[in-house]
>>> print(open('final-v2.txt').read())   # compact mmCIF, C-alpha atoms
# COMPACT_ATOMS: atom_id res chain seq x y z
CA MET L 17 112.67 82.09 90.65
CA GLY L 18 116.03 83.81 90.95
CA LEU L 19 119.05 83.39 88.77
CA PHE L 20 119.74 79.85 87.74
CA SER L 21 123.00 78.15 88.50
CA LYS L 22 122.54 76.12 85.34
CA ASP L 23 120.28 76.25 82.34
CA ILE L 24 116.95 74.46 82.55
CA ALA L 25 117.00 71.67 80.01
CA MET L 26 114.13 69.39 80.94
CA LEU L 27 110.73 69.68 82.59
CA ASP L 28 112.26 67.83 85.54
CA ASP L 29 114.79 70.67 86.01
CA LEU L 30 111.96 73.18 85.97
CA PHE L 31 110.05 71.10 88.53
CA VAL L 32 113.04 70.93 90.90
CA HIS L 33 113.82 74.61 90.42
CA THR L 34 110.25 75.59 91.24
CA LEU L 35 110.33 73.35 94.33
CA GLN L 36 113.44 75.29 95.42
CA ASP L 37 111.65 78.57 94.66
CA ILE L 38 108.61 77.77 96.81
CA TYR L 39 110.85 76.23 99.51
CA TYR L 40 112.56 79.64 99.77
CA ALA L 41 109.18 81.40 99.65
CA GLU L 42 107.75 79.30 102.51
CA HIS L 43 110.78 80.14 104.66
CA GLN L 44 110.33 83.85 103.95
CA ILE L 45 106.65 83.53 104.88
CA THR L 46 107.54 82.01 108.28
CA LYS L 47 109.69 85.10 108.87
CA ALA L 48 106.97 87.54 107.72
CA LEU L 49 104.02 86.02 109.60
CA PRO L 50 105.15 86.81 113.18
CA LYS L 51 105.26 90.53 112.26
CA MET L 52 101.77 90.25 110.78
CA ILE L 53 100.53 88.49 113.94
CA ASP L 54 101.94 91.36 116.04
CA LYS L 55 100.27 94.00 113.88
CA ALA L 56 96.83 92.39 113.54
CA SER L 57 94.14 93.72 115.91
CA ASN L 58 91.10 91.60 115.03
CA PRO L 59 91.47 88.48 117.25
CA GLN L 60 90.08 86.25 114.47
CA LEU L 61 92.73 87.58 112.06
CA LYS L 62 95.54 87.25 114.62
CA GLN L 63 94.43 83.66 115.28
CA GLY L 64 94.22 82.97 111.54
CA PHE L 65 97.82 84.14 111.04
CA GLU L 66 98.97 81.99 113.98
CA THR L 67 97.28 78.95 112.50
CA HIS L 68 98.82 79.71 109.12
CA LEU L 69 102.30 80.00 110.65
CA ARG L 70 101.96 76.46 112.03
CA GLU L 71 100.58 75.27 108.68
CA THR L 72 103.51 76.88 106.85
CA GLU L 73 105.96 74.96 109.04
CA GLY L 74 104.11 71.77 108.07
CA GLN L 75 104.25 72.80 104.40
CA ILE L 76 108.03 73.19 104.64
CA ALA L 77 108.27 69.66 106.07
CA ARG L 78 106.04 68.43 103.22
CA LEU L 79 108.33 70.09 100.64
CA GLU L 80 111.33 68.36 102.25
CA ARG L 81 109.45 65.09 101.82
CA VAL L 82 108.87 65.83 98.11
CA PHE L 83 112.55 66.72 97.59
CA GLU L 84 113.49 63.40 99.20
CA MET L 85 110.90 61.40 97.20
CA HIS L 86 112.37 62.95 94.06
CA GLY L 87 115.96 62.15 95.07
CA GLU L 88 116.94 65.77 95.64
CA LYS L 89 118.38 67.57 98.65
CA PRO L 90 116.15 70.41 99.91
CA LYS L 91 117.57 73.70 98.67
CA GLN L 92 116.35 77.27 98.45
CA VAL L 93 116.77 79.58 95.45
CA ASP L 94 116.01 83.31 95.50
CA CYS L 95 112.47 84.17 94.57
CA PRO L 96 112.08 87.84 93.61
CA ALA L 97 108.30 87.40 93.44
CA ILE L 98 107.77 86.51 97.10
CA ASP L 99 110.39 89.09 98.11
CA GLY L 100 108.36 91.75 96.28
CA ILE L 101 105.05 90.57 97.73
CA ILE L 102 106.46 90.60 101.29
CA LYS L 103 108.14 93.98 100.71
CA GLU L 104 104.73 95.43 99.80
CA ALA L 105 103.16 93.82 102.88
CA ASN L 106 105.81 95.38 105.16
CA GLU L 107 105.52 98.78 103.54
CA ILE L 108 101.76 98.89 103.92
CA ALA L 109 101.91 97.63 107.51
CA GLY L 110 104.27 100.49 108.32
CA ASP L 111 102.10 103.15 106.76
CA VAL L 112 98.62 102.51 108.15
CA ALA L 113 97.97 104.09 111.54
CA ASP L 114 94.33 103.08 112.09
CA LYS L 115 94.06 99.56 113.52
CA ALA L 116 90.97 98.51 111.57
CA VAL L 117 92.32 99.85 108.28
CA LEU L 118 95.63 98.12 109.03
CA ASP L 119 93.75 94.82 109.48
CA ALA L 120 92.14 95.29 106.05
CA ALA L 121 95.60 95.95 104.56
CA LEU L 122 97.06 92.89 106.31
CA ILE L 123 94.30 90.67 104.91
CA ALA L 124 95.02 91.98 101.39
CA ALA L 125 98.75 91.36 101.85
CA ALA L 126 98.15 87.84 103.16
CA GLN L 127 95.89 87.06 100.21
CA ALA L 128 98.60 88.17 97.78
CA VAL L 129 100.96 85.70 99.50
CA GLU L 130 98.33 82.92 99.38
CA HIS L 131 97.70 83.47 95.67
CA TYR L 132 101.42 83.24 94.93
CA GLU L 133 101.50 79.91 96.73
CA ILE L 134 98.31 78.70 95.03
CA THR L 135 99.73 79.37 91.57
CA ARG L 136 103.12 77.76 92.31
CA TYR L 137 101.64 74.62 93.92
CA GLY L 138 99.13 74.35 91.06
CA THR L 139 102.01 74.45 88.57
CA LEU L 140 104.09 71.96 90.56
CA ILE L 141 101.19 69.51 90.74
CA ALA L 142 100.61 69.72 86.95
CA TRP L 143 104.33 69.15 86.29
CA ALA L 144 104.60 66.30 88.83
CA LYS L 145 101.75 64.48 87.08
CA GLN L 146 103.33 65.10 83.68
CA LEU L 147 106.57 63.61 85.01
CA GLY L 148 104.70 60.52 86.22
CA ARG L 149 105.20 61.55 89.85
CA ASP L 150 101.64 61.23 91.11
CA ASP L 151 103.10 60.49 94.54
CA CYS L 152 104.74 63.93 94.68
CA ALA L 153 101.60 65.52 93.22
CA ALA L 154 99.49 64.00 96.02
CA VAL L 155 101.72 65.48 98.75
CA LEU L 156 101.76 68.89 97.06
CA ALA L 157 97.97 68.74 96.69
CA GLU L 158 97.62 68.58 100.49
CA THR L 159 99.38 71.94 100.73
CA LEU L 160 97.39 73.43 97.86
CA ALA L 161 94.16 72.52 99.67
CA GLU L 162 95.42 74.28 102.83
CA GLU L 163 96.39 77.40 100.90
CA LYS L 164 93.01 77.59 99.18
CA SER L 165 91.23 77.15 102.50
CA THR L 166 93.32 79.93 104.08
CA ASP L 167 92.57 82.22 101.14
CA GLU L 168 88.82 81.54 101.48
CA LYS L 169 88.90 82.34 105.19
CA LEU L 170 90.71 85.62 104.42
CA THR L 171 88.12 86.46 101.76
CA GLN L 172 85.36 85.90 104.31
CA MET L 173 87.12 88.22 106.77
CA ALA L 174 87.67 90.80 104.03
CA GLU L 175 84.01 90.72 103.02
CA THR L 176 82.55 90.82 106.52
CA GLY L 177 84.24 91.69 109.77
CA ALA L 178 87.51 93.41 109.21
CA ASN L 179 86.55 95.74 106.38
CA ALA L 180 83.22 96.68 107.94
CA ARG L 181 85.09 97.74 111.04
CA ALA L 182 87.63 99.66 108.99
CA GLU L 183 84.82 101.54 107.30
CA GLN L 184 82.98 102.22 110.56
CA VAL L 185 86.06 103.56 112.30
CA THR L 186 87.24 105.78 109.52
CA GLU L 187 84.10 107.26 107.97
CA PRO L 188 83.21 110.75 109.17
CA ALA L 189 80.26 110.64 111.61
CA MET A 22 102.28 98.74 96.85
CA GLY A 23 105.41 100.84 96.97
CA LEU A 24 106.24 103.57 99.44
CA PHE A 25 103.37 105.82 100.30
CA SER A 26 103.54 109.54 99.80
CA LYS A 27 101.19 109.92 102.76
CA ASP A 28 99.92 107.68 105.51
CA ILE A 29 96.81 105.64 104.83
CA ALA A 30 94.10 106.86 107.21
CA MET A 31 90.85 105.47 105.85
CA LEU A 32 89.70 102.45 103.89
CA ASP A 33 89.10 104.83 101.01
CA ASP A 34 92.82 105.74 100.96
CA LEU A 35 93.69 102.06 100.86
CA PHE A 36 91.24 101.52 97.99
CA VAL A 37 92.72 104.36 95.93
CA HIS A 38 96.27 103.27 96.71
CA THR A 39 95.54 99.71 95.58
CA LEU A 40 93.92 101.04 92.40
CA GLN A 41 97.20 102.91 91.74
CA ASP A 42 99.16 99.73 92.51
CA ILE A 43 97.23 97.57 90.03
CA TYR A 44 97.21 100.43 87.48
CA TYR A 45 101.03 100.33 87.60
CA ALA A 46 100.97 96.51 87.48
CA GLU A 47 98.75 96.43 84.37
CA HIS A 48 101.12 98.82 82.59
CA GLN A 49 104.10 96.61 83.47
CA ILE A 50 102.18 93.60 82.15
CA THR A 51 101.60 95.31 78.79
CA LYS A 52 105.39 95.76 78.60
CA ALA A 53 106.13 92.14 79.60
CA LEU A 54 103.61 90.39 77.35
CA PRO A 55 105.18 91.22 73.96
CA LYS A 56 108.39 89.49 75.12
CA MET A 57 106.38 86.46 76.22
CA ILE A 58 104.57 86.41 72.86
CA ASP A 59 107.96 86.39 71.09
CA LYS A 60 109.28 83.55 73.21
CA ALA A 61 106.21 81.27 73.12
CA SER A 62 106.35 78.43 70.57
CA ASN A 63 102.99 76.72 71.03
CA PRO A 64 100.64 78.66 68.68
CA GLN A 65 97.76 78.33 71.15
CA LEU A 66 99.92 79.87 73.89
CA LYS A 67 101.20 82.65 71.60
CA GLN A 68 97.62 83.42 70.61
CA GLY A 69 96.53 83.34 74.27
CA PHE A 70 99.18 85.91 75.20
CA GLU A 71 98.14 88.12 72.27
CA THR A 72 94.52 88.01 73.39
CA HIS A 73 95.58 88.79 76.95
CA LEU A 74 97.61 91.79 75.80
CA ARG A 75 94.50 93.27 74.18
CA GLU A 76 92.46 92.41 77.29
CA THR A 77 95.06 94.11 79.50
CA GLU A 78 94.74 97.30 77.45
CA GLY A 79 90.98 97.13 78.05
CA GLN A 80 91.59 96.56 81.75
CA ILE A 81 93.73 99.70 81.92
CA ALA A 82 90.88 101.67 80.32
CA ARG A 83 88.48 100.13 82.85
CA LEU A 84 90.75 101.20 85.74
CA GLU A 85 90.79 104.73 84.34
CA ARG A 86 86.99 104.63 84.38
CA VAL A 87 87.00 103.55 88.05
CA PHE A 88 89.45 106.33 88.99
CA GLU A 89 87.15 108.82 87.29
CA MET A 90 83.98 107.39 88.90
CA HIS A 91 85.72 107.74 92.26
CA GLY A 92 86.79 111.35 91.58
CA GLU A 93 90.50 110.52 91.32
CA LYS A 94 93.05 111.11 88.57
CA PRO A 95 94.61 107.87 87.26
CA LYS A 96 98.05 107.50 88.84
CA GLN A 97 100.60 104.71 89.15
CA VAL A 98 102.52 103.79 92.30
CA ASP A 99 105.44 101.38 92.40
CA CYS A 100 104.42 97.80 93.03
CA PRO A 101 107.38 95.65 94.14
CA ALA A 102 105.20 92.52 93.93
CA ILE A 103 104.54 92.71 90.18
CA ASP A 104 108.13 93.83 89.60
CA GLY A 105 109.32 90.67 91.37
CA ILE A 106 106.89 88.42 89.52
CA ILE A 107 107.93 89.85 86.12
CA LYS A 108 111.62 89.69 87.09
CA GLU A 109 111.20 85.95 87.72
CA ALA A 110 109.38 85.53 84.43
CA ASN A 111 112.21 87.25 82.53
CA GLU A 112 114.89 85.26 84.31
CA ILE A 113 113.28 81.95 83.55
CA ALA A 114 112.60 82.90 79.93
CA GLY A 115 116.30 83.66 79.55
CA ASP A 116 117.44 80.39 81.05
CA VAL A 117 115.39 77.73 79.26
CA ALA A 118 116.81 76.61 75.95
CA ASP A 119 114.29 73.92 74.97
CA LYS A 120 111.22 75.45 73.29
CA ALA A 121 108.65 73.11 74.85
CA VAL A 122 110.13 73.47 78.34
CA LEU A 123 110.23 77.23 77.82
CA ASP A 124 106.51 77.18 76.99
CA ALA A 125 105.82 75.33 80.26
CA ALA A 126 107.86 77.96 82.12
CA LEU A 127 106.04 80.82 80.36
CA ILE A 128 102.67 79.35 81.33
CA ALA A 129 103.79 79.15 84.97
CA ALA A 130 105.04 82.75 84.85
CA ALA A 131 101.80 83.97 83.28
CA GLN A 132 99.76 82.18 85.94
CA ALA A 133 101.75 83.90 88.69
CA VAL A 134 100.88 87.23 87.06
CA GLU A 135 97.19 86.24 86.76
CA HIS A 136 97.00 85.22 90.41
CA TYR A 137 98.48 88.55 91.49
CA GLU A 138 95.77 90.31 89.52
CA ILE A 139 93.04 87.98 90.81
CA THR A 140 93.95 88.69 94.44
CA ARG A 141 94.20 92.47 93.96
CA TYR A 142 90.93 92.78 92.02
CA GLY A 143 89.22 90.52 94.60
CA THR A 144 90.41 92.85 97.36
CA LEU A 145 89.39 95.99 95.44
CA ILE A 146 85.89 94.62 94.83
CA ALA A 147 85.43 93.78 98.55
CA TRP A 148 86.60 97.27 99.55
CA ALA A 149 84.50 99.03 96.89
CA LYS A 150 81.37 97.28 98.23
CA GLN A 151 82.32 98.18 101.81
CA LEU A 152 82.67 101.80 100.71
CA GLY A 153 79.21 101.70 99.14
CA ARG A 154 80.71 101.88 95.65
CA ASP A 155 78.89 98.97 94.04
CA ASP A 156 79.27 100.81 90.72
CA CYS A 157 83.07 100.62 90.95
CA ALA A 158 82.85 97.02 92.17
CA ALA A 159 80.81 96.07 89.09
CA VAL A 160 83.42 97.48 86.69
CA LEU A 161 86.27 95.79 88.57
CA ALA A 162 84.32 92.52 88.55
CA GLU A 163 84.40 92.51 84.72
CA THR A 164 88.19 92.48 84.86
CA LEU A 165 88.28 89.84 87.61
CA ALA A 166 86.15 87.55 85.43
CA GLU A 167 88.59 88.01 82.52
CA GLU A 168 91.61 87.26 84.73
CA LYS A 169 90.01 84.10 86.11
CA SER A 170 89.11 82.95 82.61
CA THR A 171 92.70 83.55 81.41
CA ASP A 172 94.06 81.62 84.40
CA GLU A 173 91.74 78.69 83.65
CA LYS A 174 92.85 78.59 80.01
CA LEU A 175 96.50 78.58 81.15
CA THR A 176 95.76 75.75 83.60
CA GLN A 177 94.24 73.75 80.75
CA MET A 178 97.33 74.34 78.62
CA ALA A 179 99.58 73.42 81.57
CA GLU A 180 97.70 70.19 82.19
CA THR A 181 97.45 69.08 78.59
CA GLY A 182 99.33 70.33 75.59
CA ALA A 183 102.32 72.36 76.55
CA ASN A 184 103.65 70.25 79.41
CA ALA A 185 103.06 66.98 77.60
CA ARG A 186 105.16 68.27 74.75
CA ALA A 187 107.87 69.49 77.16
CA GLU A 188 108.01 66.03 78.68
CA GLN A 189 108.08 64.29 75.31
CA VAL A 190 110.88 66.44 73.97
CA THR A 191 113.10 66.29 77.01
CA GLU A 192 112.77 62.76 78.38
CA PRO A 193 115.49 60.35 77.34
CA ALA A 194 114.22 57.91 74.73
>>> encode(input="final-v2.txt", output="structure tokens")
Amino acid sequence: MGLFSKDIAMLDDLFVHTLQDIYYAEHQITKALPKMIDKASNPQLKQGFETHLRETEGQIARLERVFEMHGEKPKQVDCPAIDGIIKEANEIAGDVADKAVLDAALIAAAQAVEHYEITRYGTLIAWAKQLGRDDCAAVLAETLAEEKSTDEKLTQMAETGANARAEQVTEPA
Amino acid sequence: MGLFSKDIAMLDDLFVHTLQDIYYAEHQITKALPKMIDKASNPQLKQGFETHLRETEGQIARLERVFEMHGEKPKQVDCPAIDGIIKEANEIAGDVADKAVLDAALIAAAQAVEHYEITRYGTLIAWAKQLGRDDCAAVLAETLAEEKSTDEKLTQMAETGANARAEQVTEPA
């Protein structure tokens, strides 16, 4: 969640800080996804990334709504976790020559991103409820449902199409 | 997954590389957990981290078994993702003064670690099956089950005890 500008004293501070953390993360994801769309070969995967890019833009708008509901201005704080996850995704995308194997690697990278979001939104929802902000929790839950659905679709692709093709292409005849 | 020493040509290369990535990650987690144990106040949370440290040691042994089954020597490669996740965990642990709020932050940090492991083991299992290595998949599935169980226990603590206490302690009377 990056270095804090002030110490965290209350659960409310932690909630706001984590909102800022995921707000930064979502912005980084909108920058990373176009590269992943370019690199993906499987049309279903390419399409999935395109859909997720649009969803991510909606998730940013939803976070801005939560900031506003909570009387805070939207703000980003550095998030070394998402930076590390995206760094890995870029490194792997640069190192895999075979298209089908690259697709398998892209799916894995995207799932790492999804799981980071799933854990942060899960935490934010628990804290919002604890703070008596069921209204914020409800908005955040919409995003969590989208992230889980995206992760499930990626799992399906990993278990069926993309990996099978990777195996087929790369195994010796 | 760090910089590659060679390009990834086949799904098998990707599988081995990701084994090396999570092997590094598990070692980093065994270094991070003792600090989290020290910082946790809630006895249930402290105990949970202690149990997970022992589990992580078992998971490392299990990874070594999978390397061996697959004819590879156990090896670590840098994993910027887990480094980033642990960096965030350390930063937050250093910045929260209130014990109950710190516990809530530690739970969130631990869940981010768990979700990284869940996604990587999920990917490894899918690839092992694709490669016809159901034997490796079965061993990895034991670890995945442990990670999911740990994450569920942390969710329970986040939704009940630890956060409620954080709220109680920090809200103005």
>>> residues_near_point(input="final-v2.txt", point="(88.3, 90.6, 90.6)", cutoff="6 Å", atoms="all atoms listed in the file", output="ChimeraX atom specification")
/A:139,142-143,161-162,165
>>> write_last_selection(input="final-v2.txt", atoms="C-alpha atoms", output="mmCIF file, in the coordinates of the input")
data_model
loop_
_atom_site.group_PDB
_atom_site.id
_atom_site.type_symbol
_atom_site.label_atom_id
_atom_site.label_comp_id
_atom_site.auth_asym_id
_atom_site.auth_seq_id
_atom_site.Cartn_x
_atom_site.Cartn_y
_atom_site.Cartn_z
ATOM 1 C CA ILE A 139 93.040 87.980 90.810
ATOM 2 C CA TYR A 142 90.930 92.780 92.020
ATOM 3 C CA GLY A 143 89.220 90.520 94.600
ATOM 4 C CA LEU A 161 86.270 95.790 88.570
ATOM 5 C CA ALA A 162 84.320 92.520 88.550
ATOM 6 C CA LEU A 165 88.280 89.840 87.610
#
>>> interface_residues(input="final-v2.txt", of="chain L", to="chain A", cutoff="6 Å", atoms="all atoms listed in the file", output="mmCIF file with C-alpha atoms, in the coordinates of the input")
data_model
loop_
_atom_site.group_PDB
_atom_site.id
_atom_site.type_symbol
_atom_site.label_atom_id
_atom_site.label_comp_id
_atom_site.auth_asym_id
_atom_site.auth_seq_id
_atom_site.Cartn_x
_atom_site.Cartn_y
_atom_site.Cartn_z
ATOM 1 C CA MET L 17 112.670 82.090 90.650
ATOM 2 C CA ASP L 23 120.280 76.250 82.340
ATOM 3 C CA ILE L 24 116.950 74.460 82.550
ATOM 4 C CA MET L 26 114.130 69.390 80.940
ATOM 5 C CA LEU L 27 110.730 69.680 82.590
ATOM 6 C CA PRO L 96 112.080 87.840 93.610
ATOM 7 C CA ALA L 97 108.300 87.400 93.440
ATOM 8 C CA GLY L 100 108.360 91.750 96.280
ATOM 9 C CA ILE L 101 105.050 90.570 97.730
ATOM 10 C CA GLU L 104 104.730 95.430 99.800
ATOM 11 C CA ASP L 111 102.100 103.150 106.760
ATOM 12 C CA VAL L 112 98.620 102.510 108.150
ATOM 13 C CA VAL L 117 92.320 99.850 108.280
ATOM 14 C CA ALA L 128 98.600 88.170 97.780
ATOM 15 C CA HIS L 131 97.700 83.470 95.670
ATOM 16 C CA THR L 135 99.730 79.370 91.570
ATOM 17 C CA ALA L 142 100.610 69.720 86.950
ATOM 18 C CA GLU L 175 84.010 90.720 103.020
ATOM 19 C CA THR L 186 87.240 105.780 109.520
#
>>> residues_around(input="final-v2.txt", residues="segment 70-82 of chain A", least_positions_apart="3", cutoff="7 Å", atoms="only C-alpha atoms", output="MDAnalysis selection string")
chainID A and resid 44 47 51 54 58 66:67 85:86 164
>>> residues_near_point(input="final-v2.txt", point="(90.6, 105.6, 86.2)", cutoff="10 Å", atoms="all atoms listed in the file", output="MDAnalysis selection string")
chainID A and resid 40:41 44 81:96
>>> atom_distance(input="final-v2.txt", atom1="atom CA of Ala41 of chain L", atom2="atom CA of Val93 of chain L")
8.9 Å
>>> atom_distance(input="final-v2.txt", atom1="atom CA of Lys169 of chain L", atom2="atom CA of Lys55 of chain L")
18.5 Å
>>> atom_distance(input="final-v2.txt", atom1="atom CA of His33 of chain L", atom2="atom CA of Leu127 of chain A")
14.2 Å
>>> closest_residue(input="final-v2.txt", among="A:Glu168, A:Glu173, A:Asp124, A:Glu163", to="Ser62 of chain A", atoms="all atoms listed in the file")
A:Asp124
>>> build_atoms(input="final-v2.txt", residues="segment 60-70 of chain L", atoms="all heavy atoms", output="PDB file, in the frame of the given file")
ATOM      1  N   GLN L  60      90.299  87.325 115.438  1.00  0.00           N
ATOM      2  CA  GLN L  60      90.080  86.250 114.470  1.00  0.00           C
ATOM      3  C   GLN L  60      91.219  86.246 113.432  1.00  0.00           C
ATOM      4  O   GLN L  60      91.718  85.194 113.034  1.00  0.00           O
ATOM      5  CB  GLN L  60      88.735  86.496 113.774  1.00  0.00           C
ATOM      6  CG  GLN L  60      88.186  85.326 112.985  1.00  0.00           C
ATOM      7  CD  GLN L  60      87.034  85.762 112.059  1.00  0.00           C
ATOM      8  OE1 GLN L  60      86.546  86.905 112.132  1.00  0.00           O
ATOM      9  NE2 GLN L  60      86.599  84.861 111.195  1.00  0.00           N
ATOM     10  N   LEU L  61      91.649  87.443 113.040  1.00  0.00           N
ATOM     11  CA  LEU L  61      92.730  87.580 112.060  1.00  0.00           C
ATOM     12  C   LEU L  61      94.062  87.140 112.673  1.00  0.00           C
ATOM     13  O   LEU L  61      94.839  86.379 112.074  1.00  0.00           O
ATOM     14  CB  LEU L  61      92.812  89.027 111.573  1.00  0.00           C
ATOM     15  CG  LEU L  61      93.875  89.341 110.515  1.00  0.00           C
ATOM     16  CD1 LEU L  61      93.656  88.514 109.251  1.00  0.00           C
ATOM     17  CD2 LEU L  61      93.875  90.834 110.173  1.00  0.00           C
ATOM     18  N   LYS L  62      94.316  87.602 113.897  1.00  0.00           N
ATOM     19  CA  LYS L  62      95.540  87.250 114.620  1.00  0.00           C
ATOM     20  C   LYS L  62      95.626  85.716 114.725  1.00  0.00           C
ATOM     21  O   LYS L  62      96.650  85.108 114.433  1.00  0.00           O
ATOM     22  CB  LYS L  62      95.466  87.878 116.017  1.00  0.00           C
ATOM     23  CG  LYS L  62      96.817  88.199 116.641  1.00  0.00           C
ATOM     24  CD  LYS L  62      96.630  88.820 118.022  1.00  0.00           C
ATOM     25  CE  LYS L  62      96.920  90.303 118.104  1.00  0.00           C
ATOM     26  NZ  LYS L  62      98.325  90.681 117.924  1.00  0.00           N
ATOM     27  N   GLN L  63      94.514  85.115 115.130  1.00  0.00           N
ATOM     28  CA  GLN L  63      94.430  83.660 115.280  1.00  0.00           C
ATOM     29  C   GLN L  63      94.655  82.969 113.935  1.00  0.00           C
ATOM     30  O   GLN L  63      95.354  81.955 113.845  1.00  0.00           O
ATOM     31  CB  GLN L  63      93.045  83.317 115.851  1.00  0.00           C
ATOM     32  CG  GLN L  63      92.710  81.836 115.925  1.00  0.00           C
ATOM     33  CD  GLN L  63      93.579  81.137 116.949  1.00  0.00           C
ATOM     34  OE1 GLN L  63      93.752  81.628 118.062  1.00  0.00           O
ATOM     35  NE2 GLN L  63      94.183  80.002 116.575  1.00  0.00           N
ATOM     36  N   GLY L  64      94.064  83.537 112.886  1.00  0.00           N
ATOM     37  CA  GLY L  64      94.220  82.970 111.540  1.00  0.00           C
ATOM     38  C   GLY L  64      95.675  82.972 111.109  1.00  0.00           C
ATOM     39  O   GLY L  64      96.170  81.992 110.552  1.00  0.00           O
ATOM     40  N   PHE L  65      96.385  84.057 111.383  1.00  0.00           N
ATOM     41  CA  PHE L  65      97.820  84.140 111.040  1.00  0.00           C
ATOM     42  C   PHE L  65      98.624  83.132 111.854  1.00  0.00           C
ATOM     43  O   PHE L  65      99.569  82.527 111.341  1.00  0.00           O
ATOM     44  CB  PHE L  65      98.355  85.561 111.271  1.00  0.00           C
ATOM     45  CG  PHE L  65      97.926  86.574 110.229  1.00  0.00           C
ATOM     46  CD1 PHE L  65      97.899  87.936 110.523  1.00  0.00           C
ATOM     47  CD2 PHE L  65      97.576  86.188 108.941  1.00  0.00           C
ATOM     48  CE1 PHE L  65      97.526  88.882 109.579  1.00  0.00           C
ATOM     49  CE2 PHE L  65      97.198  87.130 107.987  1.00  0.00           C
ATOM     50  CZ  PHE L  65      97.169  88.474 108.310  1.00  0.00           C
ATOM     51  N   GLU L  66      98.248  82.970 113.133  1.00  0.00           N
ATOM     52  CA  GLU L  66      98.970  81.990 113.980  1.00  0.00           C
ATOM     53  C   GLU L  66      98.792  80.577 113.439  1.00  0.00           C
ATOM     54  O   GLU L  66      99.745  79.799 113.363  1.00  0.00           O
ATOM     55  CB  GLU L  66      98.476  82.086 115.435  1.00  0.00           C
ATOM     56  CG  GLU L  66      99.165  83.226 116.179  1.00  0.00           C
ATOM     57  CD  GLU L  66      98.447  83.654 117.459  1.00  0.00           C
ATOM     58  OE1 GLU L  66      97.429  83.017 117.834  1.00  0.00           O
ATOM     59  OE2 GLU L  66      98.900  84.657 118.065  1.00  0.00           O
ATOM     60  N   THR L  67      97.552  80.265 113.077  1.00  0.00           N
ATOM     61  CA  THR L  67      97.280  78.950 112.500  1.00  0.00           C
ATOM     62  C   THR L  67      98.085  78.774 111.210  1.00  0.00           C
ATOM     63  O   THR L  67      98.682  77.717 110.969  1.00  0.00           O
ATOM     64  CB  THR L  67      95.770  78.801 112.176  1.00  0.00           C
ATOM     65  OG1 THR L  67      95.045  79.053 113.378  1.00  0.00           O
ATOM     66  CG2 THR L  67      95.426  77.429 111.644  1.00  0.00           C
ATOM     67  N   HIS L  68      98.123  79.830 110.399  1.00  0.00           N
ATOM     68  CA  HIS L  68      98.820  79.710 109.120  1.00  0.00           C
ATOM     69  C   HIS L  68     100.326  79.569 109.306  1.00  0.00           C
ATOM     70  O   HIS L  68     100.991  78.895 108.508  1.00  0.00           O
ATOM     71  CB  HIS L  68      98.494  80.888 108.197  1.00  0.00           C
ATOM     72  CG  HIS L  68      98.949  80.636 106.797  1.00  0.00           C
ATOM     73  ND1 HIS L  68      98.582  79.509 106.091  1.00  0.00           N
ATOM     74  CD2 HIS L  68      99.794  81.304 105.986  1.00  0.00           C
ATOM     75  CE1 HIS L  68      99.159  79.521 104.912  1.00  0.00           C
ATOM     76  NE2 HIS L  68      99.909  80.596 104.822  1.00  0.00           N
ATOM     77  N   LEU L  69     100.860  80.155 110.360  1.00  0.00           N
ATOM     78  CA  LEU L  69     102.300  80.000 110.650  1.00  0.00           C
ATOM     79  C   LEU L  69     102.600  78.528 110.927  1.00  0.00           C
ATOM     80  O   LEU L  69     103.577  77.971 110.396  1.00  0.00           O
ATOM     81  CB  LEU L  69     102.698  80.889 111.838  1.00  0.00           C
ATOM     82  CG  LEU L  69     104.158  80.798 112.295  1.00  0.00           C
ATOM     83  CD1 LEU L  69     105.138  81.053 111.151  1.00  0.00           C
ATOM     84  CD2 LEU L  69     104.433  81.784 113.432  1.00  0.00           C
ATOM     85  N   ARG L  70     101.757  77.891 111.738  1.00  0.00           N
ATOM     86  CA  ARG L  70     101.960  76.460 112.030  1.00  0.00           C
ATOM     87  C   ARG L  70     101.802  75.629 110.753  1.00  0.00           C
ATOM     88  O   ARG L  70     102.566  74.701 110.497  1.00  0.00           O
ATOM     89  CB  ARG L  70     100.991  75.984 113.115  1.00  0.00           C
ATOM     90  CG  ARG L  70     101.389  76.462 114.520  1.00  0.00           C
ATOM     91  CD  ARG L  70     100.595  75.743 115.593  1.00  0.00           C
ATOM     92  NE  ARG L  70      99.152  75.927 115.427  1.00  0.00           N
ATOM     93  CZ  ARG L  70      98.465  76.972 115.919  1.00  0.00           C
ATOM     94  NH1 ARG L  70      99.078  77.918 116.595  1.00  0.00           N
ATOM     95  NH2 ARG L  70      97.159  77.060 115.733  1.00  0.00           N
TER      96      ARG L  70
END
